[in-house]
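Source file: run12.txt; contents: compact mmCIF, C-alpha atoms.
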# COMPACT_ATOMS: atom_id res chain seq x y z
CA MET I 1 122.09 30.98 83.45
CA ASN I 2 119.93 32.98 81.06
CA ASN I 3 121.91 35.89 79.60
CA ASP I 4 118.81 38.10 79.67
CA LEU I 5 118.98 38.03 83.46
CA LEU I 6 122.42 39.59 83.33
CA ASN I 7 121.22 42.69 81.51
CA ILE I 8 119.72 44.99 84.13
CA LEU I 9 117.45 46.77 81.70
CA SER I 10 116.14 43.61 80.02
CA HIS I 11 113.68 42.96 82.86
CA SER I 12 110.94 44.88 81.11
CA LYS I 13 109.09 43.38 78.17
CA GLU I 14 107.82 46.76 76.97
CA ILE I 15 110.89 48.98 76.82
CA ASP I 16 114.33 48.06 75.56
CA GLN I 17 117.64 49.38 76.79
CA GLN I 18 118.47 51.43 73.70
CA LYS I 19 115.10 53.16 73.67
CA LEU I 20 115.44 54.11 77.33
CA LEU I 21 118.94 55.45 76.71
CA ASP I 22 117.69 57.44 73.70
CA TYR I 23 114.90 58.84 75.89
CA LEU I 24 117.35 59.90 78.58
CA GLU I 25 119.68 61.46 75.99
CA ASP I 26 116.68 63.34 74.51
CA LYS I 27 117.01 61.71 71.08
CA LEU I 28 113.37 60.64 70.62
CA SER I 29 110.49 62.33 68.88
CA PRO I 30 107.70 63.76 71.08
CA GLU I 31 105.44 60.79 70.24
CA GLU I 32 108.12 58.28 71.21
CA LYS I 33 108.85 60.24 74.39
CA HIS I 34 105.18 60.10 75.29
CA GLU I 35 105.11 56.33 74.73
CA ILE I 36 108.16 55.87 76.96
CA GLU I 37 106.67 58.09 79.66
CA LYS I 38 103.45 56.02 79.65
CA ILE I 39 105.51 52.88 80.10
CA LEU I 40 107.54 54.47 82.90
CA VAL I 41 104.36 55.41 84.76
CA ASP I 42 103.11 51.80 84.62
CA SER I 43 106.39 50.03 85.36
CA ASP I 44 108.11 50.52 88.71
CA PHE I 45 111.26 48.76 87.53
CA ASP I 46 111.65 50.85 84.38
CA SER I 47 110.82 53.99 86.31
CA ASP I 48 113.49 53.23 88.92
CA ALA I 49 116.03 52.47 86.19
CA ALA I 50 115.28 55.74 84.41
CA GLU I 51 115.44 57.65 87.69
CA GLY I 52 118.84 56.21 88.52
CA LEU I 53 120.23 56.83 85.04
CA GLU I 54 118.91 60.40 85.02
CA GLN I 55 121.35 61.13 87.85
CA VAL I 56 124.30 60.61 85.49
CA GLN I 57 125.72 64.08 84.83
CA ASP I 58 127.16 63.47 81.35
CA LYS I 59 124.38 61.90 79.28
CA SER I 60 126.86 60.81 76.62
CA ASN I 61 128.31 58.40 79.22
CA LEU I 62 125.00 56.58 79.74
CA PRO I 63 125.92 53.55 77.58
CA VAL I 64 129.20 53.23 79.46
CA VAL I 65 127.42 53.47 82.82
CA VAL I 66 124.86 50.84 81.80
CA ASN I 67 127.65 48.59 80.57
CA GLU I 68 129.47 48.95 83.90
CA LEU I 69 126.26 48.21 85.81
CA ASN I 70 125.76 45.09 83.69
CA LYS I 71 129.34 43.96 84.39
CA MET I 72 128.88 44.51 88.13
CA LEU I 73 125.63 42.56 88.01
CA VAL I 74 127.30 39.65 86.21
CA LYS I 75 130.12 39.65 88.75
CA LYS I 76 127.74 39.73 91.72
CA LEU I 77 125.52 37.00 90.30
CA SER I 78 128.50 34.76 89.53
CA LYS I 79 129.83 35.22 93.08
CA ARG I 80 126.43 34.34 94.52
CA ARG I 81 126.18 31.31 92.24
CA LYS I 82 129.67 30.09 93.23
CA LYS I 83 128.80 30.56 96.89
CA LEU I 84 125.61 28.53 96.52
CA LEU I 85 127.37 25.77 94.61
CA SER I 86 130.26 25.59 97.07
CA LYS I 87 128.07 25.11 100.14
CA LYS I 88 128.88 21.82 101.83
CA GLN I 89 126.15 19.27 101.48
CA PRO I 90 124.80 17.94 104.77
CA GLU I 91 126.06 14.52 105.73
CA LEU I 92 123.41 11.86 105.44
CA ILE I 93 125.37 9.00 106.99
CA THR I 94 124.11 9.55 110.55
CA PRO I 95 120.37 9.72 109.73
CA VAL I 96 120.62 6.76 107.34
CA ALA I 97 122.55 4.67 109.88
CA ALA I 98 120.04 5.54 112.62
CA THR I 99 117.13 4.58 110.37
CA ILE I 100 118.73 1.22 109.49
CA ILE I 101 119.41 0.44 113.17
CA ILE I 102 115.82 1.29 114.11
CA LEU I 103 114.47 -0.90 111.31
CA LEU I 104 116.71 -3.78 112.39
CA LEU I 105 115.55 -3.42 116.01
CA VAL I 106 111.91 -3.39 114.92
CA LEU I 107 112.46 -6.52 112.81
CA MET I 108 114.24 -8.22 115.70
CA PHE I 109 111.39 -7.53 118.11
CA TYR I 110 108.87 -8.66 115.51
CA PHE I 111 110.61 -12.03 115.08
CA LEU I 112 111.02 -12.42 118.85
CA LEU I 113 107.33 -11.76 119.44
CA LYS I 114 106.34 -13.97 116.49
CA GLY I 115 108.43 -16.82 117.95
CA ARG I 116 106.65 -16.58 121.34
CA LEU I 117 103.20 -16.84 119.86
Would you give me this structure, written as structure tokens?
Amino acid sequence: MNNDLLNILSHSKEIDQQKLLDYLEDKLSPEEKHEIEKILVDSDFDSDAAEGLEQVQDKSNLPVVVNELNKMLVKKLSKRRKKLLSKKQPELITPVAATIIILLLVLMFYFLLKGRL
């Protein structure tokens, strides 16, 4: 599995995780803030991520919160993957056996009819 998929803020090609965190912690210059805000207006995903992270009371905990979210995402994705891989494969014996029997019956009737002509 691609490790980029496990980082919840790596979805966007235009804004990286650190820059978003710096924006939320008010560590960027006004020009950089403006750039980030333009990106947030155009990107629903980034906007939702910023909105959710803005709800964190202590902004110094943002990296910890993002790290925890990433861990939870990894855990959830690995559970889903295990569940998909552990699904029992359908048995193919019955359909294959039925197909072989039908083919044998068709061949039998063909040879019986061929012998009468």
Distance query I:Glu35 at most 12 Å, all atoms listed in the file, self and fewer than 4 positions along chain excluded, as a PyMOL selection string | chain I and resi 14-15+19-20+23+28-31+39-42
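The two atoms in question, atom CA of I:Glu68 and atom CA of I:Lys83, are spaced 22.5 Å apart.
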Any idea what the distance is between atom CA of I:Leu85 and atom CA of I:Asn67?
->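 These atoms are spaced 26.8 Å apart.
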One-decimal distance in Å that lies between atom CA of I:Gln18 and atom CA of I:Lys33 =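 Atom CA of I:Gln18 lies at a distance of 13.1 Å from atom CA of I:Lys33.
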